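Have a look at the structure below before the remarks.
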Amino acid sequence: MSTIDNRTDAKETARRLREPVTEARTLARKLGLDPYPVNYWIVDHDEMNQLIAYGGFQKRYPHWRWGMAFDRQRKEGQFLGGKAFEIVNNDNPAHAFLQESNALADQKAVITHVEAHADFFGNNEWFGLFTDGQDQTPAADRRGPNATAMLARHADRIRGFMEDPEIDREAVERWIDHVLCLEDTIDHHAAYAPVEPERRDAQEAEDRDPEGAIEELDLSAEVTGQVFDETFFADHSEEETGFPPEPVEDLVGFLAAHGKQYDDAADRAVEMTDWQREILEILRREAYYFAPQKMTKVMNEGWAAYWESMMMGEEAFAGTDEFLTYADHQARVLGSGGLNPYKLGKELWEYVQNRTNRREVLERLLRVEGITWRNLENEVDLTAVRERLAPPAWLENVPGWLESIDPDDPRVDAEALSRARDGEVDIDRYPWKVLTYEGLAQRHYSLVKPQNRSFLEQASRSELESIARYLFDDARYDSVGAALEDVEYTRGWDRMREIRESHNDVTFIDAFLTGEFVAANDYFAYEHSYKTGDFRVSSTDPEDVKRKLMLEFTNFGKPMIVVEDGNYDNSGELLVAHQYNGVMLDVDEATDVLKRVFELWGRPVNLLTIVKEFDDHDVEVARRRDEEPESVEVGKRLRYDGDHVTVTDVEWETVEHLAAEDVDYDTKPDEWL
Amino acid sequence: MGLREDLERYREVGEQRRQDLAEFIQYGDLGQSRADEVRIPIKIVDLPEFVYDRRDRGGVGQGQGEQPDVGDPVGQPEPGDGDEKGDPGEEGGEHDYYEMDPDEFARELDEELGLDLEPKGKTVVEEIEGEFTDVARTGPSSTLDFETLFKRGITRKLAMDFDEEYVRAALKVEGWGPEEAFEWARADGIPVSLGWIQSEYDDLPPGERGEWDSIDAMETAVERERAVDRIRREGIDDVPFRRQDERYRYPETIERKERNVVVVNIRDVSGSMREKKRELVERTFTPLDWYLQGKYDTAEFVYVAHDADAWEVDREGFFGIRSGGGTRISSAYELTQEIFEAEYPFSEWNRYVLAAGDSENSSDDTEQRVIPLMEEIDANLHAYVETQPSGEAINATHAEEVKRHFGGSDDVAVAFVNEPGDVIDAIDEILSTEDQ
């Protein structure tokens, strides 16, 4: 950023990007998106790495972990050729950073991608949990998390503490470390509200009806079971006056309200200092701010990849000369191995779109007189149907038909059309400008695309039947042609926007990941084998793979830890519990975390959990039979008193309430290896 | 941005938390490292968090083009998901190793052991052109130092210039001819030629001769103007450029000596060298190799295994070989000598010969063959590391004999390693011998 030469380059890049930025925004709106305004910045490679290390912002509180992230980022770039393409932060206005060295085609791709992210940030309800709940409200006319200012303010506060001669800098750093260990143990399904110290239950919002809200999500019983298990609801029926009266997921909030610090000199718990309490709340606020991004990674990246591809590929936002670079870039991003959130997300969105469009078409067809779910396959020529659904020539080739397009057609933007005819619109470059949302929806109708050629025919009888069951006036049309006249081409996009509003990764994957998808992408589940001492493929059954996948997304892929008792054993000790879903904790690491919790509680802390143990005798028997040994589930209580960790076996009755009976993430087959 | 600060802090934290170097060498997992990169486990730089037990959790993977069969091993599951687009809110990751390159390792070890090994430059690998600070009298015109030429020209002009009027006035002294005037002028330091005076005298109208009674009268009446003042007044018409004033810039020649090293690792692989002893040798040699590689610009390693005979092996095999034969240590030195003579002349290479074994040797071999060979083979350092985990040795006297013979020498080191705890002392002993 320093030299004049570079500045000049950046200015030149900025100048060339001005038009793509404006046009991308216009196109995004035409396509039905409603993004936060975005400010674009041109940065060099080093600055990009810094921004990534800082989580997309220019200013964060001083901490070594940003240095670690930066170091890693830089090394990846150096050795693996990892290239940072885009970074955009969740704010209003959002800030997006473009790397100066990227080719123009890449920049355009990034811009379209970013616009879709900005739409997601602004419209997904999980993001609203923070945006609407935070204490530091931005200007009334500008809805948004006000994140840049918030994080900068946090940075200033913490730096202030560190530079305060009265406060030991190392102590501040250690305190931050303690809290960061717990940054995922918040209640990410609840709206953020600041904690008032010692005012109990401040974070409990009573005005919502969780059971109703969950039903609305339309989830499988399995997800409902694992995310919203019994303890989630238990509180609503009990008249219990424990402390807390019901388990609290927001461990950080609970500590902020009721925690103390341990005073070494006095050898007892004393009140936290003001700076300690403030840092606790600052980090908690940041955890709540970042939580929605962690919860919607697949959805959000898929959403951005989908619209990027729509704008860049389908709408030829990349110039013909740039298209190859773009296609290459796209292939690289989507082609990276492992479980790729971009690819997974994009394909799920495409599935949502296709399925919705298919349902719309089938509903129309089933309303044709004489056509039922039983005979549709024989009575209707679906290939012909698909041909009828193809967009008319003038929608496909707008410039060629410019003079004959009907300005009164709802698919046409009459005003833009007349300007185009006057030569004021570059119609060859931006044909979409004369079309409306309806026009674009038909122009890009998913079911007629080559890659979705057989999607319509693949509708199963059971799907037909379930659609037919809820249709009332099933003889509305007297011919297939008449029925197809009424097909609403916007259904797919409309539905996608609804889903992007209410879902998160867990619900999204649960609802839309199909067996075909798992099989087509060669996904498999694996488990650790005691016998061989390594990881082995355990199943390729889509249901198993999906369950395993859900485990990786539920609660950020972390075990659920709740506060059960703030006055355990009637002696002011803290009891947290691991809500066991069949997968045990990493006990060593949990012990380390427990030591951190002690620092924030000031008094002894306990963790109740269930572990799997192997009985020596069982292992020996299994070895002889050449089988996997069966583990035994045992309740354990870990306690840390500031000096020693003790682990005690507890009666099953003590932990029974923690064990979820209705979920099973174990994909090991009965006969294995 | 404050990120520089964060990065520094991370380095500090990482350094504090990485395994102590000495501890790592003695007990750590050397196998994670490669020849050019030392990987030292960090004791949790990343913060702990509540996570699932990795084994119990299992996971989801993606097949390479086909769905694998149930029961296939999946290798080490990768954390993360090939996510290259850094997302807001995503950070952390597995950071189990603190990575050092050999340079850093050598620096750290220097610090830890208080060593100060100065690598010696050997072969002149190249003469490179330095700055254009040297000058020469000839050269391409593009390197002509015009400033020098001009300055010298002016100096010359100043030196040659004189007040012509003043000298002419001397010719008008009563009874003076050119000879008198020339003599006077030269005595006064005026750079004038006799020829010039002669021609001036000839041009002088006869009426003007004898204007002054004496030279003293002339000097009193006529003021002599300094050349500098005259040039200031009149300016320089032309600067006399002379070929002899031309100077051409010329790059300084820097001889760069490459500091290169060849390290011969010798190991007794005979039947008496058991597993534990082998590991001790590896623990001693590997850090030495890293250290020397870090110290020198280029390092080459030769691995020689021997029982009663010696042969060259590659590194992968070196620490694992076992043979059943007897022991004749001199065989290894003979081979080393051959290799040195063929490929690594001492004038060009720093040489280190590091040998290890359990001190057992065939009778008289040490005294009659090995010691003379060690004296004969030029090297910065000969070292023998005795590994004797059992502590019982009947005819294991090689190390003692060598030590007795070379005691106090600055190019022979003998060290004893009986348990991992001795490794650091041995390395210290070996590396500090050279700079005494």
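Quick note on naming: the chains in the structure tokens go A, B, ... in the order shown, residues restart at 1 in each chain, and ligands are numbered from 1 in order of appearance.
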*Expected answer as a ChimeraX atom specification: chain A residues within 7 Å of chain B, only C-alpha atoms*: /A:50,52,55-56,59,62-69,82,84-87,89,181-182,290,293-294,336-340,521-528,535-539,545,548-549,558-559,583-586,589-590,592-593,672-673
*Please run DSSP on the backbone and report, as a PyMOL selection string, all residues within stretch 129-246 of chain B that come out as alpha helix (DSSP H).*
chain B and resi 146-160+164-171+178-187+194-203+215-221+227-234
Please save C-alpha atoms of the selected residues as a tab-separated table (two decimals), in the first residue's frame.
```tsv
chain	number	residue	atom	x	y	z
B	146	PHE	CA	32.54	12.62	-16.52
B	147	GLU	CA	32.47	14.34	-13.19
B	148	THR	CA	36.04	13.32	-12.56
B	149	LEU	CA	37.05	14.32	-16.04
B	150	PHE	CA	35.48	17.74	-15.62
B	151	LYS	CA	36.95	18.33	-12.18
B	152	ARG	CA	40.36	17.35	-13.31
B	153	GLY	CA	39.98	19.60	-16.32
B	154	ILE	CA	39.13	22.57	-14.15
B	155	THR	CA	41.98	21.79	-11.80
B	156	ARG	CA	44.27	21.62	-14.78
B	157	LYS	CA	42.92	24.88	-16.10
B	158	LEU	CA	43.42	26.52	-12.73
B	159	ALA	CA	46.90	25.16	-12.52
B	160	MET	CA	47.84	26.30	-16.01
B	164	GLU	CA	49.08	37.26	-18.54
B	165	GLU	CA	49.03	41.02	-18.00
B	166	TYR	CA	51.20	40.61	-14.95
B	167	VAL	CA	53.83	38.60	-16.77
B	168	ARG	CA	53.73	41.01	-19.69
B	169	ALA	CA	54.38	43.82	-17.25
B	170	ALA	CA	57.54	42.05	-16.14
B	171	LEU	CA	58.81	42.17	-19.70
B	178	PRO	CA	62.60	36.88	-21.92
B	179	GLU	CA	65.15	34.89	-19.96
B	180	GLU	CA	65.02	37.20	-16.95
B	181	ALA	CA	61.26	37.32	-17.00
B	182	PHE	CA	60.97	33.53	-17.26
B	183	GLU	CA	63.32	33.01	-14.38
B	184	TRP	CA	61.41	35.47	-12.26
B	185	ALA	CA	58.02	34.00	-13.18
B	186	ARG	CA	59.06	30.48	-12.42
B	187	ALA	CA	60.55	31.54	-9.11
B	194	LEU	CA	59.52	30.34	-22.10
B	195	GLY	CA	58.06	30.13	-25.56
B	196	TRP	CA	55.04	32.16	-24.57
B	197	ILE	CA	57.25	34.82	-22.97
B	198	GLN	CA	59.46	34.90	-26.01
B	199	SER	CA	56.58	35.50	-28.40
B	200	GLU	CA	55.03	38.10	-26.11
B	201	TYR	CA	58.37	39.84	-25.91
B	202	ASP	CA	58.65	39.83	-29.66
B	203	ASP	CA	55.18	41.37	-29.97
B	215	ILE	CA	60.98	44.51	-10.97
B	216	ASP	CA	60.18	45.76	-7.49
B	217	ALA	CA	58.62	48.88	-8.89
B	218	MET	CA	56.52	46.82	-11.24
B	219	GLU	CA	55.35	44.46	-8.48
B	220	THR	CA	54.35	47.39	-6.34
B	221	ALA	CA	52.44	49.13	-9.09
B	227	ALA	CA	43.43	32.79	-11.54
B	228	VAL	CA	40.34	31.94	-9.57
B	229	ASP	CA	39.24	35.55	-9.48
B	230	ARG	CA	39.90	35.96	-13.15
B	231	ILE	CA	37.88	32.88	-13.99
B	232	ARG	CA	35.08	34.14	-11.82
B	233	ARG	CA	35.17	37.41	-13.64
B	234	GLU	CA	35.61	36.17	-17.16
```
*stretch 298-393 of chain B: residues DSSP assigns to strand (DSSP E), reported as a ChimeraX atom specification*: /B:298-306,310-313,350-357,381-387
Need to verify the contact set: stretch 359-362 of chain A, 8 Å, only C-alpha atoms, exclusion of same-chain residues closer than 4 positions in sequence. Can you return it as a PDB file with C-alpha atoms, in the first residue's frame?
```
ATOM      1  CA  ARG A 355     -37.260 -29.413  -7.023  1.00  0.00           C
ATOM      2  CA  LEU A 366     -51.973 -32.733 -12.279  1.00  0.00           C
ATOM      3  CA  LEU A 464     -46.418 -37.288  -7.652  1.00  0.00           C
ATOM      4  CA  ILE A 467     -48.275 -33.490  -4.654  1.00  0.00           C
ATOM      5  CA  LEU A 484     -48.164 -24.987 -19.012  1.00  0.00           C
ATOM      6  CA  VAL A 487     -46.433 -22.158 -15.007  1.00  0.00           C
ATOM      7  CA  GLU A 488     -44.784 -19.607 -12.788  1.00  0.00           C
ATOM      8  CA  ARG A 491     -41.144 -20.253  -8.196  1.00  0.00           C
TER       9      ARG A 491
END
```
*Å distance separating atom CA of A:Val576 from atom CA of A:Val605, one decimal place*: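 So the two atoms, atom CA of A:Val576 and atom CA of A:Val605, lie 7.8 Å apart.
Distances to B:Glu104 were evaluated for B:Gly189, B:Tyr291, B:Phe285, B:Asp365 using only C-alpha atoms, and the minimum falls at B:Tyr291.
Atom CA of B:Val353 is found 24.1 Å from atom CA of B:Phe24.
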Could you list, as a PDB file with N, CA and C atoms, in the first residue's frame, every residue within 8 Å of A:Pro410, counting only C-alpha atoms and ignoring same-chain residues fewer than 4 positions away?
```
ATOM      1  N   THR A 436     -37.342  -7.912 -16.722  1.00  0.00           N
ATOM      2  CA  THR A 436     -37.712  -7.829 -15.320  1.00  0.00           C
ATOM      3  C   THR A 436     -37.297  -9.134 -14.638  1.00  0.00           C
ATOM      4  N   GLU A 438     -39.263 -11.413 -13.637  1.00  0.00           N
ATOM      5  CA  GLU A 438     -40.021 -12.494 -14.274  1.00  0.00           C
ATOM      6  C   GLU A 438     -39.337 -12.926 -15.575  1.00  0.00           C
ATOM      7  N   GLY A 439     -38.883 -11.936 -16.329  1.00  0.00           N
ATOM      8  CA  GLY A 439     -38.223 -12.232 -17.591  1.00  0.00           C
ATOM      9  C   GLY A 439     -36.947 -13.031 -17.384  1.00  0.00           C
TER      10      GLY A 439
END
```
*Pick from A:Ala109, A:Ala190, A:Leu389, A:Val179: nearest to A:Lys449, with only C-alpha atoms counted?*
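Selected residue with least distance to A:Lys449: A:Leu389.
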